[in-house]
Amino acid sequence: WFVLILFDPAASPPKMVTFDELMAAARNFTNLTLAHEIAVNANFCIKHEEHPQNSLAGTVKQIVHKAFWDHLESELNEDPPEYEHAIKLFEEIKEILLSFLTPGANRIQNQICEVLDTDLIRQQAEHNAVDIHGLANYIINTMGKLCAPIRDNDIKQLKATENIVELLRQIFHVLDLMKMDVANYTIQSLRPYLRRNLVDYERTKFQEILEETPSALDLTTEWIKDSIEDELSSISSESSSSPGADPSSKSSISPTVVLNNGYLKLLQWDYHKAIPELTSSTLRAVMAMVKIWTCTDGAWLAWDQVTLLTDEGRLQELREKLNQLKIIACVCLISNNMVGAAIVDVPDFADQLKRVSVPLLEGMSKKTFDLKEALNAIGVQICIKVNESLTERNLPTLNAEMQNNLMGQIASIVEENNPVSSLIDKRIQLFMKSLLALPSFRKCMPALPGGLSVIQAEMELVGSQFASIVEFNKQVYGPFYANILKKLLFPEAAIGKAEIEAPSN
């Protein structure tokens with residue numbers, strides 16, 4: 001037992017966390033994450049994955065396994081055969097088969113224990129009377145009774161295998177697949193229950209995490225405080241024309257707006273930044289394992305933001321999709337402004353431009369992706385598309401100057417503070433903000449700002465997915481947010497009398 005000291009630049013003095021408390025928090029976070037993923041991801045399942053070919057881990061595993069099975073084969077080929085390692089394998093197989101049984105399956109349980117009685121097999125081995133092929137056949141037949149239909153072909157292949165060592169090796173392989181099948185069946189069975197009880201479960205688990213690390217919400221407070229400051233700045237700018245108003249009053253701020261603005265920032269989060277290195281190697285290892293903390297802009301990501309790590313992959317995908325949609329909208333807006341008169345009568349031409357752009361923007365999230373090169377390619381393809389359309393209608397094609405101008409403006413989208421990119425980005429943010437402000441986004445969608453019509457279907461899909469994540473997060477962690485908002489917005493003695501807008505929308 002020992003103590004870890006967490007140094008937080010925003011807090012003093014340093015926080016003392018025992019290793020047991022840290023591990024308890026890690027276990028709770030792992031359970032919370034798994035339950036959340038099972039409930040919200042209908043495609044979540046356990047998959048059997050092999051190490052990549054020629055990888056170090058795969059090579060080491062192959063060498064170790066080969067050495068084990070070669071040693072077993074040499075023992076069985078001795079005169080008389082040595083059965084000790086084989087008996088241990090039968091004992092392990094027995095335990096695995098018993099783990100597949102449901103409560104009340106007493107008959108087959110007794111039969112497995114009787115046939116695979118290791119004490120009896122050892123006695124038989126002492127007299128060189130072990131029927132190892134008979135035991136293997138019994139195991140295969142029992143597996144056939146317990147496995148899912150998808151494994152029937154694997155059972156047939158086992159029955160066709162004659163070499164006893166290879167047969168035992170394949171038996172363990174199929175048993176691993178059967179364990180995976182059982183786990184996935186359990187996941188499917190749990191999913192309806194978790195969906196019904198997930199809000200209470202996640203809130204309870206998170207409370208357990210907080211009890212292990214009582215100061216874990218300090219940085220969430222900073223996250224929400226930043227959103228409050230942004231809102232105050234916005235109100236101040238809008239109210240500058242009213243001398244008598246007091247736009248700096250925190251009591252005029254809506255907690256729901258504060259939270260929504262914080263969520264919107266997640267769509268511009270830098271998810272590529274590495275998990276920071278802490279002063280303790282043990283803490284660093286645990287944090288890396290369970291992904292409890294990550295770092296952004298030199299500050300610790302707050303624990304309530306960590307609640308969103310259960311949806312980190314989905315949020316990252318949505319952010320990447322929005323970046324792609326922004327580029328497509330920019331390309332179409334620039335093309336329409338420059339050659340609109342030439343394509344105004346062409347039906348669905350904007351969709352054609354979108355279909356040209358999408359394949360060239362695949363993989364935008366990768367570090368190796370060259371956006372400027374992709375935009376150059378898109379510019380070339382758009383010029384070709386426009387000229388083809390003009391030629392089909394016996395109209396003059398774009399001259400070299402117009403083509404260079406069009407391709408240049410499309411290529412400049414990548415430049416910082418590009419006016420078209422900034423405009424589209426603001427309109428996308430406006431749409432997402434309007435969506436979060438709706439009482440029920442499932443019943444209707446907000447009006448789409450100008451310039452986004454070409455990506456309307458995609459925007460509504462992304463917006464719906466993002467709003468679902470936000471809605472669920474508020475349902476689970478609303479009480480934690482409410483307590484922080486009360487302290488920040490109503491720090492005076494009148495806290496108890498203040499009416500706080502519930503962050504439930």
# chains A, B, ... in the order shown; residues from 1 in each chain; ligands from 1

$ select_by_dssp --residues "region 15-260 of chain A" --states "alpha helix (DSSP H)" --output "NGL selection string"
:A and (19-40 or 56-76 or 84-99 or 106-115 or 118-126 or 132-146 or 152-159 or 164-212 or 218-238 or 255-260)

$ residues_around --residues "Ala86 (chain A)" --least-positions-apart "6" --cutoff "9 Å" --atoms "only C-alpha atoms" --output "list in words"
Leu72, Glu75, Leu76, Ile132 and Leu168 of chain A

$ write_last_selection --atoms "all heavy atoms" --output "PDB file, in the first residue's frame"
ATOM      1  N   LEU A  72       4.326 -31.394 -25.715  1.00  0.00           N
ATOM      2  CA  LEU A  72       3.248 -32.335 -25.427  1.00  0.00           C
ATOM      3  C   LEU A  72       3.340 -33.556 -26.345  1.00  0.00           C
ATOM      4  O   LEU A  72       3.180 -34.706 -25.901  1.00  0.00           O
ATOM      5  CB  LEU A  72       1.886 -31.646 -25.597  1.00  0.00           C
ATOM      6  CG  LEU A  72       0.653 -32.540 -25.402  1.00  0.00           C
ATOM      7  CD1 LEU A  72       0.579 -33.057 -23.974  1.00  0.00           C
ATOM      8  CD2 LEU A  72      -0.624 -31.781 -25.766  1.00  0.00           C
ATOM      9  N   GLU A  75       6.051 -35.904 -25.270  1.00  0.00           N
ATOM     10  CA  GLU A  75       5.662 -36.669 -24.075  1.00  0.00           C
ATOM     11  C   GLU A  75       4.749 -37.834 -24.441  1.00  0.00           C
ATOM     12  O   GLU A  75       4.910 -38.944 -23.927  1.00  0.00           O
ATOM     13  CB  GLU A  75       4.970 -35.755 -23.062  1.00  0.00           C
ATOM     14  CG  GLU A  75       5.899 -34.797 -22.342  1.00  0.00           C
ATOM     15  CD  GLU A  75       5.194 -34.037 -21.234  1.00  0.00           C
ATOM     16  OE1 GLU A  75       3.935 -33.917 -21.286  1.00  0.00           O
ATOM     17  OE2 GLU A  75       5.871 -33.554 -20.325  1.00  0.00           O
ATOM     18  N   LEU A  76       3.789 -37.581 -25.319  1.00  0.00           N
ATOM     19  CA  LEU A  76       2.838 -38.636 -25.692  1.00  0.00           C
ATOM     20  C   LEU A  76       3.504 -39.709 -26.557  1.00  0.00           C
ATOM     21  O   LEU A  76       2.997 -40.842 -26.640  1.00  0.00           O
ATOM     22  CB  LEU A  76       1.636 -38.033 -26.437  1.00  0.00           C
ATOM     23  CG  LEU A  76       0.749 -37.095 -25.611  1.00  0.00           C
ATOM     24  CD1 LEU A  76      -0.374 -36.531 -26.467  1.00  0.00           C
ATOM     25  CD2 LEU A  76       0.176 -37.800 -24.389  1.00  0.00           C
ATOM     26  N   ILE A 132      -7.029 -41.757 -24.616  1.00  0.00           N
ATOM     27  CA  ILE A 132      -6.975 -40.320 -24.879  1.00  0.00           C
ATOM     28  C   ILE A 132      -7.855 -39.926 -26.064  1.00  0.00           C
ATOM     29  O   ILE A 132      -8.483 -38.866 -26.062  1.00  0.00           O
ATOM     30  CB  ILE A 132      -5.509 -39.875 -25.080  1.00  0.00           C
ATOM     31  CG1 ILE A 132      -5.410 -38.349 -24.986  1.00  0.00           C
ATOM     32  CG2 ILE A 132      -4.940 -40.392 -26.394  1.00  0.00           C
ATOM     33  CD1 ILE A 132      -3.992 -37.853 -24.844  1.00  0.00           C
ATOM     34  N   LEU A 168      -6.187 -31.620 -29.878  1.00  0.00           N
ATOM     35  CA  LEU A 168      -6.296 -30.880 -28.618  1.00  0.00           C
ATOM     36  C   LEU A 168      -6.091 -29.381 -28.840  1.00  0.00           C
ATOM     37  O   LEU A 168      -6.787 -28.552 -28.244  1.00  0.00           O
ATOM     38  CB  LEU A 168      -5.270 -31.412 -27.615  1.00  0.00           C
ATOM     39  CG  LEU A 168      -5.549 -32.802 -27.037  1.00  0.00           C
ATOM     40  CD1 LEU A 168      -4.368 -33.289 -26.211  1.00  0.00           C
ATOM     41  CD2 LEU A 168      -6.820 -32.785 -26.182  1.00  0.00           C
TER      42      LEU A 168
END

$ closest_residue --among "A:Glu92, A:Glu458, A:Glu373, A:Glu84" --to "Ser412 (chain A)" --atoms "only C-alpha atoms"
A:Glu373

$ closest_residue --among "A:Ser468, A:His85, A:Leu177, A:Gly134" --to "Lys159 (chain A)" --atoms "only C-alpha atoms"
A:Gly134

$ residues_around --residues "region 357-361 of chain A" --least-positions-apart "4" --cutoff "8 Å" --atoms "only C-alpha atoms" --output "ChimeraX atom specification"
/A:324,328,353,371,374,377-378

$ write_last_selection --atoms "C-alpha atoms" --output "short mmCIF file (atom, residue, chain, number, x, y, z; two decimals), in the first residue's frame"
data_model
loop_
_atom_site.label_atom_id
_atom_site.label_comp_id
_atom_site.auth_asym_id
_atom_site.auth_seq_id
_atom_site.Cartn_x
_atom_site.Cartn_y
_atom_site.Cartn_z
CA GLN A 324 -15.82 16.94 -44.21
CA ILE A 328 -18.15 20.15 -49.22
CA LEU A 353 -20.38 18.39 -57.03
CA LEU A 371 -6.08 18.58 -47.42
CA ALA A 374 -7.22 17.02 -51.97
CA ALA A 377 -7.85 17.57 -56.98
CA ILE A 378 -11.43 18.61 -56.18
#

$ residues_around --residues "region 105-111 of chain A" --least-positions-apart "3" --cutoff "12 Å" --atoms "only C-alpha atoms" --output "MDAnalysis selection string"
chainID A and resid 94:102 114:117 138:139 141:143 145:146

$ write_last_selection --atoms "N, CA, C and O atoms" --output "PDB file, in the first residue's frame"
ATOM      1  N   LYS A  94     -12.377 -29.412 -18.897  1.00  0.00           N
ATOM      2  CA  LYS A  94     -13.535 -29.708 -18.053  1.00  0.00           C
ATOM      3  C   LYS A  94     -14.098 -28.435 -17.432  1.00  0.00           C
ATOM      4  O   LYS A  94     -15.322 -28.204 -17.447  1.00  0.00           O
ATOM      5  N   GLU A  95     -13.232 -27.584 -16.909  1.00  0.00           N
ATOM      6  CA  GLU A  95     -13.690 -26.338 -16.283  1.00  0.00           C
ATOM      7  C   GLU A  95     -14.367 -25.425 -17.301  1.00  0.00           C
ATOM      8  O   GLU A  95     -15.361 -24.759 -16.995  1.00  0.00           O
ATOM      9  N   ILE A  96     -13.840 -25.384 -18.516  1.00  0.00           N
ATOM     10  CA  ILE A  96     -14.444 -24.543 -19.555  1.00  0.00           C
ATOM     11  C   ILE A  96     -15.825 -25.077 -19.920  1.00  0.00           C
ATOM     12  O   ILE A  96     -16.791 -24.307 -20.041  1.00  0.00           O
ATOM     13  N   LEU A  97     -15.948 -26.387 -20.107  1.00  0.00           N
ATOM     14  CA  LEU A  97     -17.246 -26.972 -20.440  1.00  0.00           C
ATOM     15  C   LEU A  97     -18.262 -26.717 -19.341  1.00  0.00           C
ATOM     16  O   LEU A  97     -19.427 -26.395 -19.611  1.00  0.00           O
ATOM     17  N   LEU A  98     -17.844 -26.855 -18.089  1.00  0.00           N
ATOM     18  CA  LEU A  98     -18.764 -26.604 -16.961  1.00  0.00           C
ATOM     19  C   LEU A  98     -19.211 -25.143 -16.934  1.00  0.00           C
ATOM     20  O   LEU A  98     -20.339 -24.850 -16.530  1.00  0.00           O
ATOM     21  N   SER A  99     -18.337 -24.234 -17.381  1.00  0.00           N
ATOM     22  CA  SER A  99     -18.694 -22.808 -17.375  1.00  0.00           C
ATOM     23  C   SER A  99     -19.781 -22.486 -18.383  1.00  0.00           C
ATOM     24  O   SER A  99     -20.468 -21.463 -18.276  1.00  0.00           O
ATOM     25  N   PHE A 100     -19.965 -23.366 -19.382  1.00  0.00           N
ATOM     26  CA  PHE A 100     -20.999 -23.141 -20.394  1.00  0.00           C
ATOM     27  C   PHE A 100     -22.387 -23.557 -19.904  1.00  0.00           C
ATOM     28  O   PHE A 100     -23.395 -23.186 -20.511  1.00  0.00           O
ATOM     29  N   LEU A 101     -22.471 -24.330 -18.839  1.00  0.00           N
ATOM     30  CA  LEU A 101     -23.743 -24.903 -18.404  1.00  0.00           C
ATOM     31  C   LEU A 101     -24.597 -23.862 -17.702  1.00  0.00           C
ATOM     32  O   LEU A 101     -24.098 -22.998 -16.975  1.00  0.00           O
ATOM     33  N   THR A 102     -25.883 -23.977 -17.919  1.00  0.00           N
ATOM     34  CA  THR A 102     -26.840 -23.114 -17.223  1.00  0.00           C
ATOM     35  C   THR A 102     -27.224 -23.767 -15.898  1.00  0.00           C
ATOM     36  O   THR A 102     -27.105 -24.986 -15.731  1.00  0.00           O
ATOM     37  N   GLU A 114     -17.668 -36.818 -14.268  1.00  0.00           N
ATOM     38  CA  GLU A 114     -17.365 -38.241 -14.172  1.00  0.00           C
ATOM     39  C   GLU A 114     -16.384 -38.681 -15.250  1.00  0.00           C
ATOM     40  O   GLU A 114     -15.392 -39.378 -14.976  1.00  0.00           O
ATOM     41  N   VAL A 115     -16.633 -38.246 -16.515  1.00  0.00           N
ATOM     42  CA  VAL A 115     -15.767 -38.673 -17.624  1.00  0.00           C
ATOM     43  C   VAL A 115     -14.397 -37.996 -17.533  1.00  0.00           C
ATOM     44  O   VAL A 115     -13.361 -38.633 -17.788  1.00  0.00           O
ATOM     45  N   LEU A 116     -14.362 -36.734 -17.173  1.00  0.00           N
ATOM     46  CA  LEU A 116     -13.109 -35.979 -17.121  1.00  0.00           C
ATOM     47  C   LEU A 116     -12.598 -35.869 -15.687  1.00  0.00           C
ATOM     48  O   LEU A 116     -12.043 -34.842 -15.285  1.00  0.00           O
ATOM     49  N   ASP A 117     -12.764 -36.916 -14.917  1.00  0.00           N
ATOM     50  CA  ASP A 117     -12.253 -36.986 -13.545  1.00  0.00           C
ATOM     51  C   ASP A 117     -10.734 -37.150 -13.601  1.00  0.00           C
ATOM     52  O   ASP A 117     -10.211 -38.206 -13.970  1.00  0.00           O
ATOM     53  N   TYR A 138     -15.308 -37.648 -26.611  1.00  0.00           N
ATOM     54  CA  TYR A 138     -16.371 -37.243 -25.684  1.00  0.00           C
ATOM     55  C   TYR A 138     -16.430 -35.718 -25.577  1.00  0.00           C
ATOM     56  O   TYR A 138     -17.510 -35.118 -25.594  1.00  0.00           O
ATOM     57  N   ILE A 139     -15.251 -35.114 -25.500  1.00  0.00           N
ATOM     58  CA  ILE A 139     -15.196 -33.645 -25.408  1.00  0.00           C
ATOM     59  C   ILE A 139     -15.825 -33.011 -26.643  1.00  0.00           C
ATOM     60  O   ILE A 139     -16.620 -32.063 -26.555  1.00  0.00           O
ATOM     61  N   ASN A 141     -18.044 -34.290 -28.735  1.00  0.00           N
ATOM     62  CA  ASN A 141     -19.498 -34.501 -28.744  1.00  0.00           C
ATOM     63  C   ASN A 141     -20.197 -33.572 -27.760  1.00  0.00           C
ATOM     64  O   ASN A 141     -21.278 -33.043 -28.051  1.00  0.00           O
ATOM     65  N   THR A 142     -19.587 -33.359 -26.596  1.00  0.00           N
ATOM     66  CA  THR A 142     -20.172 -32.445 -25.607  1.00  0.00           C
ATOM     67  C   THR A 142     -20.152 -31.013 -26.119  1.00  0.00           C
ATOM     68  O   THR A 142     -21.121 -30.268 -25.954  1.00  0.00           O
ATOM     69  N   MET A 143     -19.057 -30.629 -26.767  1.00  0.00           N
ATOM     70  CA  MET A 143     -18.989 -29.297 -27.360  1.00  0.00           C
ATOM     71  C   MET A 143     -20.076 -29.116 -28.405  1.00  0.00           C
ATOM     72  O   MET A 143     -20.681 -28.034 -28.520  1.00  0.00           O
ATOM     73  N   LYS A 145     -23.001 -30.387 -28.401  1.00  0.00           N
ATOM     74  CA  LYS A 145     -24.291 -30.178 -27.734  1.00  0.00           C
ATOM     75  C   LYS A 145     -24.413 -28.757 -27.166  1.00  0.00           C
ATOM     76  O   LYS A 145     -25.518 -28.226 -27.053  1.00  0.00           O
ATOM     77  N   LEU A 146     -23.271 -28.169 -26.789  1.00  0.00           N
ATOM     78  CA  LEU A 146     -23.302 -26.884 -26.086  1.00  0.00           C
ATOM     79  C   LEU A 146     -23.057 -25.681 -26.989  1.00  0.00           C
ATOM     80  O   LEU A 146     -23.380 -24.556 -26.611  1.00  0.00           O
TER      81      LEU A 146
END

$ residues_around --residues "Ile155 (chain A)" --least-positions-apart "6" --cutoff "8 Å" --atoms "only C-alpha atoms" --output "PyMOL selection string"
chain A and resi 140+143-144+174
